[in-house]
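Printed here is start_32.txt (compact mmCIF, C-alpha atoms):
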```
# COMPACT_ATOMS: atom_id res chain seq x y z
CA MET A 1 20.15 -36.82 14.66
CA LYS A 2 18.62 -34.36 12.20
CA GLY A 3 15.07 -35.01 13.36
CA HIS A 4 16.01 -34.59 17.01
CA LEU A 5 18.15 -31.47 16.78
CA ASP A 6 15.33 -29.15 17.84
CA PHE A 7 14.53 -31.37 20.83
CA LEU A 8 18.19 -31.41 21.94
CA LEU A 9 18.56 -27.65 21.58
CA LEU A 10 15.36 -26.93 23.51
CA ALA A 11 16.41 -29.34 26.28
CA ALA A 12 19.90 -27.80 26.55
CA ILE A 13 18.52 -24.27 26.75
CA ALA A 14 15.77 -25.29 29.21
CA ARG A 15 18.41 -26.01 31.86
CA GLU A 16 19.65 -22.44 31.66
CA PRO A 17 19.80 -19.62 29.08
CA ARG A 18 22.95 -20.07 26.99
CA HIS A 19 24.81 -18.74 23.96
CA GLY A 20 25.32 -20.93 20.90
CA TYR A 21 28.74 -22.33 21.82
CA ALA A 22 27.54 -23.18 25.33
CA VAL A 23 24.53 -24.99 23.86
CA ALA A 24 26.73 -27.19 21.64
CA GLU A 25 29.10 -27.85 24.55
CA ALA A 26 26.24 -28.70 26.92
CA ILE A 27 24.88 -31.29 24.49
CA ARG A 28 28.32 -32.82 23.96
CA LYS A 29 29.13 -32.98 27.68
CA SER A 30 25.69 -34.22 28.77
CA SER A 31 25.97 -37.09 26.30
CA ASP A 32 29.61 -37.87 27.24
CA GLY A 33 30.65 -36.98 23.71
CA ALA A 34 28.21 -39.42 22.10
CA ILE A 35 26.27 -36.58 20.49
CA ASP A 36 28.77 -34.40 18.67
CA LEU A 37 26.82 -31.89 16.58
CA ALA A 38 28.10 -30.35 13.39
CA GLU A 39 28.45 -27.01 15.13
CA GLY A 40 27.50 -24.92 12.11
CA THR A 41 24.02 -26.44 12.19
CA VAL A 42 23.33 -25.01 15.64
CA TYR A 43 22.84 -21.36 14.66
CA PRO A 44 20.41 -21.86 11.75
CA ALA A 45 18.41 -24.19 14.02
CA LEU A 46 18.40 -21.59 16.79
CA TYR A 47 17.21 -18.93 14.31
CA ARG A 48 14.47 -21.25 13.11
CA LEU A 49 13.31 -22.01 16.66
CA GLU A 50 13.36 -18.33 17.48
CA GLY A 51 11.34 -17.58 14.34
CA ALA A 52 8.81 -20.20 15.46
CA GLY A 53 8.45 -18.44 18.81
CA LEU A 54 10.01 -21.29 20.82
CA LEU A 55 13.10 -19.30 21.81
CA SER A 56 13.88 -15.67 22.45
CA SER A 57 17.33 -14.12 22.42
CA SER A 58 19.13 -10.96 23.37
CA TRP A 59 22.68 -9.61 23.49
CA LYS A 60 24.30 -9.79 26.91
CA THR A 61 27.80 -9.17 28.18
CA VAL A 62 29.25 -12.46 29.46
CA GLY A 63 32.84 -12.51 30.75
CA GLY A 64 33.47 -9.10 29.23
CA ARG A 65 32.22 -10.19 25.80
CA ARG A 66 28.93 -9.47 24.10
CA ARG A 67 27.08 -12.75 23.49
CA ARG A 68 23.69 -13.65 22.07
CA ILE A 69 21.88 -15.52 24.82
CA TYR A 70 18.96 -17.84 24.01
CA ARG A 71 16.16 -18.72 26.41
CA LEU A 72 12.98 -20.75 26.16
CA THR A 73 9.66 -19.00 25.73
CA ARG A 74 6.49 -20.35 27.32
CA ARG A 75 5.62 -21.89 23.98
CA GLY A 76 9.09 -23.43 23.84
CA ARG A 77 8.57 -25.06 27.25
CA ARG A 78 5.28 -26.54 26.10
CA ARG A 79 6.93 -27.89 22.94
CA LEU A 80 9.78 -29.39 24.97
CA GLU A 81 7.33 -31.14 27.25
CA GLN A 82 5.49 -32.54 24.25
CA GLU A 83 8.74 -33.71 22.64
CA ARG A 84 9.81 -35.38 25.90
CA ASN A 85 6.52 -37.27 26.15
CA GLU A 86 6.74 -38.44 22.56
CA TRP A 87 10.36 -39.49 23.00
CA THR A 88 9.57 -41.45 26.17
CA ALA A 89 6.67 -43.21 24.48
CA PHE A 90 8.88 -44.06 21.50
CA THR A 91 11.80 -45.43 23.53
CA ASN A 92 9.43 -47.44 25.73
CA ALA A 93 7.86 -48.96 22.65
CA VAL A 94 11.23 -49.84 21.12
CA GLN A 95 12.40 -51.31 24.41
CA ALA A 96 9.26 -53.41 24.68
CA VAL A 97 9.91 -54.86 21.25
CA THR A 98 13.65 -55.42 21.56
CA THR A 99 13.96 -56.82 25.08
CA MET B 1 42.18 -19.42 9.78
CA ILE B 2 39.16 -18.08 11.67
CA ASP B 3 39.48 -14.70 9.99
CA ALA B 4 39.53 -16.36 6.55
CA TYR B 5 36.47 -18.44 7.47
CA LEU B 6 34.58 -15.36 8.65
CA ALA B 7 35.58 -13.44 5.51
CA GLU B 8 34.25 -16.27 3.34
CA LEU B 9 31.02 -16.49 5.35
CA GLY B 10 30.62 -12.72 5.16
CA ARG B 11 31.20 -12.77 1.40
CA MET B 12 28.39 -15.33 1.00
CA LEU B 13 26.03 -13.15 3.02
CA ARG B 14 27.14 -9.76 1.71
CA PHE B 15 23.71 -8.78 0.38
CA ARG B 16 21.80 -10.31 3.32
CA PHE B 17 22.67 -7.53 5.71
CA LEU B 18 20.11 -8.33 8.42
CA VAL B 19 21.27 -11.88 9.08
CA ARG B 20 24.93 -11.21 8.19
CA ARG B 21 25.87 -9.04 11.13
CA ARG B 22 24.32 -11.26 13.77
CA LEU B 23 25.54 -14.56 12.33
CA LEU B 24 29.11 -13.31 11.87
CA ALA B 25 29.25 -12.05 15.45
CA GLU B 26 27.93 -15.33 16.85
CA VAL B 27 30.13 -17.52 14.65
CA GLU B 28 33.24 -15.53 15.52
CA ASP B 29 32.59 -15.95 19.25
CA HIS B 30 31.90 -19.63 18.74
CA LEU B 31 35.05 -20.27 16.71
CA ARG B 32 37.31 -18.37 19.11
CA ASP B 33 35.89 -20.28 22.11
CA SER B 34 36.21 -23.56 20.24
CA ALA B 35 39.79 -22.83 19.07
CA ARG B 36 40.77 -22.01 22.64
CA ALA B 37 39.26 -25.27 23.93
CA LEU B 38 40.71 -27.41 21.14
CA GLY B 39 44.03 -25.59 20.87
CA SER B 40 43.64 -25.33 17.11
CA GLU B 41 41.87 -22.86 14.87
CA ARG B 42 41.97 -25.34 12.01
CA GLU B 43 40.12 -27.98 14.03
CA ALA B 44 37.58 -25.44 15.28
CA VAL B 45 36.80 -24.41 11.70
CA ALA B 46 36.62 -28.03 10.54
CA ARG B 47 34.15 -28.90 13.31
CA PHE B 48 31.98 -25.94 12.42
CA GLY B 49 31.41 -27.00 8.82
CA PRO B 50 31.67 -25.37 5.37
CA PRO B 51 30.68 -21.67 5.31
CA GLY B 52 28.39 -22.26 2.33
CA THR B 53 26.36 -24.80 4.27
CA VAL B 54 26.10 -22.52 7.30
CA ALA B 55 25.14 -19.45 5.22
CA SER B 56 22.51 -21.30 3.23
CA ALA B 57 20.96 -22.95 6.29
CA ALA B 58 20.84 -19.62 8.15
CA LEU B 59 19.10 -17.95 5.22
CA ARG B 60 16.57 -20.75 4.99
CA ALA B 61 15.90 -20.34 8.71
CA VAL B 62 15.22 -16.59 8.58
CA THR B 63 13.38 -16.42 5.24
CA PRO B 64 9.84 -17.14 6.49
CA ARG B 65 10.14 -14.35 9.05
CA SER B 66 11.56 -11.87 6.50
CA LEU B 67 8.84 -12.84 4.06
CA PHE B 68 6.17 -12.38 6.71
CA TRP B 69 7.29 -8.83 7.53
CA ALA B 70 7.77 -7.96 3.86
CA ALA B 71 4.26 -9.17 3.04
CA LEU B 72 2.86 -7.26 6.00
CA LEU B 73 4.68 -4.10 4.86
CA LEU B 74 3.33 -4.55 1.35
CA LEU B 75 -0.22 -5.00 2.64
CA GLY B 76 0.12 -1.86 4.75
CA THR B 77 1.50 0.02 1.77
CA LEU B 78 -1.40 -1.13 -0.38
CA SER B 79 -3.78 0.21 2.26
CA VAL B 80 -2.05 3.60 2.19
CA TYR B 81 -2.13 3.51 -1.60
CA THR B 82 -5.93 3.76 -1.50
CA LEU B 83 -5.39 7.45 -0.63
CA PRO B 84 -3.84 8.55 -3.95
CA LEU B 85 -5.78 5.91 -5.88
CA TYR B 86 -9.24 6.70 -4.58
CA ALA B 87 -9.72 8.85 -1.46
CA ILE B 88 -7.78 11.97 -2.54
CA PRO B 89 -9.10 12.18 -6.14
CA GLU B 90 -12.66 11.31 -5.08
CA ASN B 91 -12.77 14.09 -2.51
CA THR B 92 -10.78 16.82 -4.22
CA LEU B 93 -11.26 16.52 -7.97
CA PRO B 94 -13.53 19.09 -9.59
CA PRO B 95 -16.46 17.72 -11.61
CA ALA B 96 -15.44 16.27 -14.96
CA PRO B 97 -16.47 18.41 -17.92
CA TRP B 98 -17.52 15.47 -20.12
CA ASP B 99 -20.66 13.30 -20.33
CA GLU B 100 -18.72 10.17 -21.15
CA ARG B 101 -15.15 9.62 -19.90
CA PRO B 102 -12.59 9.61 -22.75
CA GLY B 103 -11.26 6.15 -23.68
CA TYR B 104 -7.58 7.09 -23.06
CA LEU B 105 -8.48 7.77 -19.39
CA THR B 106 -10.90 4.87 -18.97
CA TRP B 107 -8.45 2.06 -19.78
CA LYS B 108 -5.82 3.53 -17.45
CA LEU B 109 -8.40 3.81 -14.69
CA TYR B 110 -9.37 0.15 -15.12
CA ALA B 111 -5.73 -0.92 -15.33
CA ALA B 112 -5.00 0.87 -12.05
CA LEU B 113 -8.07 -0.57 -10.30
CA ILE B 114 -7.76 -4.17 -11.56
CA SER B 115 -4.03 -4.31 -10.79
CA PHE B 116 -4.74 -3.01 -7.31
CA ALA B 117 -7.52 -5.58 -6.84
CA VAL B 118 -5.05 -8.34 -7.76
CA ALA B 119 -2.15 -7.02 -5.67
CA GLY B 120 -4.04 -7.13 -2.37
CA PRO B 121 -5.02 -10.84 -2.36
CA ALA B 122 -1.56 -11.78 -3.67
CA ALA B 123 0.11 -9.96 -0.77
CA LEU B 124 -2.32 -11.66 1.60
CA ALA B 125 -1.41 -15.03 0.06
CA ALA B 126 2.29 -14.22 0.62
CA LEU B 127 1.54 -13.48 4.25
CA VAL B 128 -0.28 -16.78 4.71
CA CYS B 129 2.52 -18.69 2.95
CA ALA B 130 5.10 -17.03 5.22
CA ARG B 131 3.06 -18.02 8.26
CA PHE B 132 3.08 -21.68 7.17
CA GLY B 133 6.73 -21.65 6.01
CA TRP B 134 5.99 -22.00 2.27
CA SER B 135 8.77 -19.63 1.34
CA ARG B 136 9.02 -20.24 -2.40
CA VAL B 137 5.29 -19.88 -3.09
CA GLY B 138 5.15 -16.95 -0.70
CA LEU B 139 7.99 -15.15 -2.41
CA ALA B 140 6.39 -15.73 -5.81
CA ALA B 141 3.10 -14.30 -4.49
CA LEU B 142 4.93 -11.32 -3.02
CA VAL B 143 6.76 -10.53 -6.26
CA PHE B 144 3.52 -10.95 -8.22
CA SER B 145 1.74 -8.62 -5.82
CA ALA B 146 4.50 -6.03 -6.09
CA ALA B 147 4.43 -6.21 -9.90
CA ALA B 148 0.66 -5.70 -9.92
CA PHE B 149 1.07 -2.85 -7.45
CA ALA B 150 3.74 -1.20 -9.62
CA LEU B 151 1.49 -1.52 -12.68
CA SER B 152 -1.40 0.02 -10.77
CA ALA B 153 0.77 2.88 -9.52
CA ALA B 154 2.20 3.56 -12.98
CA ALA B 155 -1.26 3.58 -14.58
CA ALA B 156 -2.59 5.78 -11.76
CA ALA B 157 0.30 8.24 -12.08
CA VAL B 158 -0.18 8.65 -15.84
CA LEU B 159 -3.93 8.86 -15.31
CA ALA B 160 -3.48 11.60 -12.71
CA VAL B 161 -1.37 13.72 -15.06
CA GLN B 162 -3.75 13.26 -18.01
CA TRP B 163 -6.83 13.80 -15.84
CA ALA B 164 -5.35 17.02 -14.44
CA ALA B 165 -4.67 18.23 -17.97
CA ALA B 166 -8.20 17.41 -19.08
CA VAL B 167 -10.06 18.74 -16.02
CA PRO B 168 -9.48 22.39 -15.14
CA GLY B 169 -8.83 23.14 -11.44
CA SER B 170 -7.32 19.75 -10.49
CA THR B 171 -3.78 20.93 -9.80
CA MET B 172 -4.02 20.41 -6.03
CA THR B 173 -5.16 16.82 -6.48
CA LEU B 174 -2.17 16.16 -8.67
CA ALA B 175 0.17 17.77 -6.14
CA LEU B 176 -1.11 15.41 -3.44
CA ALA B 177 -1.62 12.26 -5.43
CA LEU B 178 1.75 12.00 -7.16
CA PRO B 179 4.00 12.21 -4.06
CA ALA B 180 1.67 9.85 -2.22
CA THR B 181 1.88 7.38 -5.10
CA ALA B 182 5.68 7.68 -5.23
CA LEU B 183 5.94 7.11 -1.49
CA THR B 184 3.74 4.03 -1.50
CA VAL B 185 5.61 2.58 -4.47
CA CYS B 186 8.93 3.10 -2.64
CA LEU B 187 7.58 1.31 0.44
CA GLY B 188 6.22 -1.53 -1.66
CA GLY B 189 9.53 -1.86 -3.49
CA SER B 190 11.38 -1.95 -0.18
CA ALA B 191 9.14 -4.77 1.02
CA VAL B 192 9.99 -6.88 -1.99
CA ALA B 193 13.69 -6.02 -1.78
CA VAL B 194 13.82 -7.13 1.85
CA ALA B 195 12.14 -10.42 0.99
CA ILE B 196 14.37 -11.17 -1.99
CA LEU B 197 17.59 -10.21 -0.24
CA HIS B 198 16.78 -12.62 2.56
CA ALA B 199 15.53 -15.42 0.40
CA PRO B 200 17.52 -18.66 0.19
CA ALA B 201 20.39 -18.55 -2.30
CA SER B 202 18.52 -20.75 -4.75
CA ILE B 203 15.73 -18.15 -4.99
CA GLY B 204 17.77 -15.01 -4.62
CA GLY B 205 20.01 -16.12 -7.46
CA ARG B 206 23.32 -15.71 -5.65
CA GLY B 207 25.53 -18.31 -4.16
CA ARG B 208 24.86 -22.02 -3.96
CA SER B 209 21.78 -23.84 -2.82
CA LEU B 210 23.02 -26.05 -0.05
CA SER B 211 21.32 -28.40 2.30
```

Take the structure in the file and write it out as structure tokens.
Amino acid sequence: MKGHLDFLLLAAIAREPRHGYAVAEAIRKSSDGAIDLAEGTVYPALYRLEGAGLLSSSWKTVGGRRRRIYRLTRRGRRRLEQERNEWTAFTNAVQAVTT
Amino acid sequence: MIDAYLAELGRMLRFRFLVRRRLLAEVEDHLRDSARALGSEREAVARFGPPGTVASAALRAVTPRSLFWAALLLLGTLSVYTLPLYAIPENTLPPAPWDERPGYLTWKLYAALISFAVAGPAALAALVCARFGWSRVGLAALVFSAAAFALSAAAAAVLAVQWAAAVPGSTMTLALALPATALTVCLGGSAVAVAILHAPASIGGRGRSLS
């Protein structure tokens, strides 16, 4: 999972800008609970992706509370597309070997 | 339970003020949402993971960026430092009254110039390291640059005082050069402090190195 954390986070945020808790929940729900992140790893990864220019963030009031909302940058979208292509190629290759 | 977790996380980040405030705010929101959904603060905290792991990972994530800005600040400071080191004395000092510069001034002049010549490339190396995520090497280069800068500033400050004493009519130069030197040294020191305070625990010397 460690090597794919960035990919998962970018994909979850690509659907809509979200705060950290919503990102972890989106990944859990989208995978029907199969991917259950150690939640404490989410924020350092978000900071790292933001530092790399793949995400941007800002404080917003959501439901009366101030939350840090993350969104994809243009560079982040390009990276996500690249990660998707690589993942598809990889799974196709594995499938070709194992079936 | 959540309050105790946040207090522990805050204690681990107490000297990393830039990342501390933001991380604590985000983690608190996360834990309260999670506790509400799970119906248990204990479970929410357990799912989140040990505070040491979170603190260390967050610091590792923000270090390259802190180092980048610290190195940039140091480079800028070194540029400003050329004023008291060269531009102000060169343009305001009265002519020296000697044919050959006294030895006690010459070695301080060379010390100031050579240290300055070393500090610049080292700060540039720190900037490049930060850009590529080589935090440890970058931090070492930054500290080395700052040390060379401090040596240059110290030698230049003593030189300025002794030069002013030896050359009549150089009081104004001294009045300009010393505050400018002090200011640039303060800025340079701040750059290094920012970098060290946001370095991973294993470099900064506080807390545990966790991965």

Around stretch 62-80 of chain A, with edges along x, y and z and 4 Å added on all six sides, what centre and edge lengths do you get, in Å to one decimal, as JSON?
```
{"center_x": 19.4, "center_y": -19.2, "center_z": 26.4, "size_x": 36.2, "size_y": 28.3, "size_z": 16.7}
```

Among listed residues B:Leu9, B:Ala57, B:Leu67, B:Leu38, nearest chain A (using all atoms listed in the file):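 Result for the nearest residue to chain A: B:Ala57.
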
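Once all atoms listed in the file are considered, the residues situated within 8 Å of the file point (20.7, -27.7, 11.4) turn out to be Lys2, Leu5, Gly40, Thr41, Val42, Tyr43, Pro44 and Ala45 of chain A; Ala57 of chain B.
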
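Of note, atom CA of A:Lys29 and atom CA of B:Pro51 are spaced 25.1 Å apart.
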
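For the choices B:Phe17, B:Tyr104, B:Trp69, B:Phe48, the atom-to-atom distance to chain A is smallest for B:Phe48 when using only C-alpha atoms.
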
Starting from the point (42.7, -18.6, 9.3), work out which residues of protein, DNA or RNA have an atom no more than 9 Å away when counting only C-alpha atoms; state them as a PyMOL selection string. chain B and resi 1-6+41-42+45

Now that the selection is made, can you save its residues with C-alpha atoms as a short mmCIF file (atom, residue, chain, number, x, y, z; two decimals), in the coordinates of the input?
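Written file, result15.cif:
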```
data_model
loop_
_atom_site.label_atom_id
_atom_site.label_comp_id
_atom_site.auth_asym_id
_atom_site.auth_seq_id
_atom_site.Cartn_x
_atom_site.Cartn_y
_atom_site.Cartn_z
CA MET B 1 42.18 -19.42 9.78
CA ILE B 2 39.16 -18.08 11.67
CA ASP B 3 39.48 -14.70 9.99
CA ALA B 4 39.53 -16.36 6.55
CA TYR B 5 36.47 -18.44 7.47
CA LEU B 6 34.58 -15.36 8.65
CA GLU B 41 41.87 -22.86 14.87
CA ARG B 42 41.97 -25.34 12.01
CA VAL B 45 36.80 -24.41 11.70
#
```

Counting only C-alpha atoms, the residue among B:Leu93, B:Ala166, B:Ala46, B:Ala70 that lies closest to B:Arg131 is B:Ala70

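For chain A, the residues having at least one atom no farther than 9 Å from chain B, when counting all atoms listed in the file, are A:His19, A:Gly20, A:Tyr21, A:Ala22, A:Leu37, A:Ala38, A:Glu39, A:Gly40, A:Thr41, A:Tyr43, A:Pro44, A:Ala45, A:Leu46, A:Tyr47, A:Arg48, A:Leu49, A:Gly51, A:Ala52, A:Arg65, A:Arg66, A:Arg67, A:Arg68.
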
With all atoms listed in the file as the atoms that count, which of A:Ser58, A:Thr73, A:Gln95, A:Ser30 lies nearest to A:Ala12? A:Ser30

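Neighbours of A:Ala14 closer than or equal to 10 Å, with only C-alpha atoms counted and sequence neighbours fewer than 3 positions away skipped, come out as Leu8, Leu9, Leu10, Ala11, Pro17, Arg18, Leu55, Tyr70, Arg71, Leu72, Thr73, Gly76, Arg77 and Leu80 of chain A.
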
Coordinate excerpt as an mmCIF file, in the first residue's frame: stretch 4-40 of chain A, N, CA and C atoms:
```cif
data_model
loop_
_atom_site.group_PDB
_atom_site.id
_atom_site.type_symbol
_atom_site.label_atom_id
_atom_site.label_comp_id
_atom_site.auth_asym_id
_atom_site.auth_seq_id
_atom_site.Cartn_x
_atom_site.Cartn_y
_atom_site.Cartn_z
ATOM 1 N N HIS A 4 1.591 3.021 -3.152
ATOM 2 C CA HIS A 4 0.429 3.507 -3.896
ATOM 3 C C HIS A 4 -0.350 4.589 -3.149
ATOM 4 N N LEU A 5 0.145 4.979 -1.994
ATOM 5 C CA LEU A 5 -0.593 5.953 -1.182
ATOM 6 C C LEU A 5 -0.800 7.267 -1.938
ATOM 7 N N ASP A 6 0.255 7.747 -2.579
ATOM 8 C CA ASP A 6 0.144 9.020 -3.304
ATOM 9 C C ASP A 6 -0.918 8.931 -4.398
ATOM 10 N N PHE A 7 -0.903 7.808 -5.120
ATOM 11 C CA PHE A 7 -1.855 7.574 -6.207
ATOM 12 C C PHE A 7 -3.284 7.611 -5.661
ATOM 13 N N LEU A 8 -3.507 6.905 -4.551
ATOM 14 C CA LEU A 8 -4.849 6.856 -3.950
ATOM 15 C C LEU A 8 -5.309 8.243 -3.500
ATOM 16 N N LEU A 9 -4.399 8.974 -2.872
ATOM 17 C CA LEU A 9 -4.762 10.315 -2.376
ATOM 18 C C LEU A 9 -5.103 11.250 -3.534
ATOM 19 N N LEU A 10 -4.269 11.212 -4.571
ATOM 20 C CA LEU A 10 -4.525 12.079 -5.735
ATOM 21 C C LEU A 10 -5.867 11.735 -6.378
ATOM 22 N N ALA A 11 -6.142 10.414 -6.479
ATOM 23 C CA ALA A 11 -7.401 9.986 -7.115
ATOM 24 C C ALA A 11 -8.605 10.422 -6.279
ATOM 25 N N ALA A 12 -8.486 10.300 -4.951
ATOM 26 C CA ALA A 12 -9.611 10.679 -4.074
ATOM 27 C C ALA A 12 -9.879 12.182 -4.141
ATOM 28 N N ILE A 13 -8.812 12.958 -4.218
ATOM 29 C CA ILE A 13 -8.979 14.421 -4.250
ATOM 30 C C ILE A 13 -9.403 14.895 -5.637
ATOM 31 N N ALA A 14 -9.059 14.109 -6.679
ATOM 32 C CA ALA A 14 -9.430 14.497 -8.047
ATOM 33 C C ALA A 14 -10.944 14.542 -8.216
ATOM 34 N N ARG A 15 -11.652 13.664 -7.493
ATOM 35 C CA ARG A 15 -13.116 13.636 -7.627
ATOM 36 C C ARG A 15 -13.735 14.929 -7.133
ATOM 37 N N GLU A 16 -13.227 15.407 -6.010
ATOM 38 C CA GLU A 16 -13.650 16.724 -5.505
ATOM 39 C C GLU A 16 -12.662 17.178 -4.424
ATOM 40 N N PRO A 17 -12.498 18.484 -4.242
ATOM 41 C CA PRO A 17 -11.615 18.957 -3.165
ATOM 42 C C PRO A 17 -12.153 18.475 -1.818
ATOM 43 N N ARG A 18 -11.249 17.996 -0.957
ATOM 44 C CA ARG A 18 -11.696 17.428 0.320
ATOM 45 C C ARG A 18 -10.717 17.777 1.420
ATOM 46 N N HIS A 19 -11.184 17.664 2.681
ATOM 47 C CA HIS A 19 -10.264 17.753 3.820
ATOM 48 C C HIS A 19 -9.740 16.358 4.128
ATOM 49 N N GLY A 20 -8.759 16.285 5.020
ATOM 50 C CA GLY A 20 -8.047 15.026 5.263
ATOM 51 C C GLY A 20 -8.953 13.875 5.665
ATOM 52 N N TYR A 21 -9.874 14.115 6.593
ATOM 53 C CA TYR A 21 -10.755 13.038 7.047
ATOM 54 C C TYR A 21 -11.612 12.529 5.886
ATOM 55 N N ALA A 22 -12.113 13.466 5.083
ATOM 56 C CA ALA A 22 -12.953 13.085 3.942
ATOM 57 C C ALA A 22 -12.152 12.275 2.922
ATOM 58 N N VAL A 23 -10.876 12.580 2.785
ATOM 59 C CA VAL A 23 -10.030 11.825 1.851
ATOM 60 C C VAL A 23 -9.917 10.373 2.317
ATOM 61 N N ALA A 24 -9.610 10.197 3.620
ATOM 62 C CA ALA A 24 -9.470 8.830 4.160
ATOM 63 C C ALA A 24 -10.792 8.071 4.039
ATOM 64 N N GLU A 25 -11.897 8.753 4.322
ATOM 65 C CA GLU A 25 -13.216 8.119 4.234
ATOM 66 C C GLU A 25 -13.562 7.751 2.787
ATOM 67 N N ALA A 26 -13.220 8.644 1.866
ATOM 68 C CA ALA A 26 -13.527 8.382 0.449
ATOM 69 C C ALA A 26 -12.789 7.138 -0.032
ATOM 70 N N ILE A 27 -11.544 6.990 0.389
ATOM 71 C CA ILE A 27 -10.763 5.813 -0.038
ATOM 72 C C ILE A 27 -11.355 4.546 0.575
ATOM 73 N N ARG A 28 -11.728 4.628 1.851
ATOM 74 C CA ARG A 28 -12.299 3.448 2.511
ATOM 75 C C ARG A 28 -13.626 3.042 1.845
ATOM 76 N N LYS A 29 -14.480 4.037 1.623
ATOM 77 C CA LYS A 29 -15.815 3.725 1.069
ATOM 78 C C LYS A 29 -15.717 3.262 -0.376
ATOM 79 N N SER A 30 -14.871 3.920 -1.176
ATOM 80 C CA SER A 30 -14.744 3.531 -2.591
ATOM 81 C C SER A 30 -14.248 2.103 -2.730
ATOM 82 N N SER A 31 -13.438 1.668 -1.763
ATOM 83 C CA SER A 31 -12.881 0.306 -1.850
ATOM 84 C C SER A 31 -13.693 -0.687 -1.021
ATOM 85 N N ASP A 32 -14.884 -0.295 -0.580
ATOM 86 C CA ASP A 32 -15.733 -1.140 0.275
ATOM 87 C C ASP A 32 -14.979 -1.632 1.509
ATOM 88 N N GLY A 33 -14.148 -0.777 2.037
ATOM 89 C CA GLY A 33 -13.428 -1.122 3.274
ATOM 90 C C GLY A 33 -12.175 -1.945 3.055
ATOM 91 N N ALA A 34 -11.897 -2.314 1.784
ATOM 92 C CA ALA A 34 -10.711 -3.153 1.527
ATOM 93 C C ALA A 34 -9.430 -2.361 1.764
ATOM 94 N N ILE A 35 -9.465 -1.088 1.463
ATOM 95 C CA ILE A 35 -8.285 -0.240 1.702
ATOM 96 C C ILE A 35 -8.586 0.627 2.919
ATOM 97 N N ASP A 36 -7.976 0.251 4.028
ATOM 98 C CA ASP A 36 -8.204 0.947 5.289
ATOM 99 C C ASP A 36 -6.876 1.553 5.728
ATOM 100 N N LEU A 37 -6.666 2.814 5.378
ATOM 101 C CA LEU A 37 -5.377 3.461 5.627
ATOM 102 C C LEU A 37 -5.123 3.652 7.110
ATOM 103 N N ALA A 38 -3.864 3.610 7.494
ATOM 104 C CA ALA A 38 -3.482 4.103 8.821
ATOM 105 C C ALA A 38 -3.657 5.618 8.719
ATOM 106 N N GLU A 39 -4.669 6.135 9.409
ATOM 107 C CA GLU A 39 -5.109 7.508 9.112
ATOM 108 C C GLU A 39 -4.029 8.564 9.369
ATOM 109 N N GLY A 40 -3.148 8.274 10.310
ATOM 110 C CA GLY A 40 -2.078 9.227 10.619
ATOM 111 C C GLY A 40 -1.096 9.415 9.478
#
```
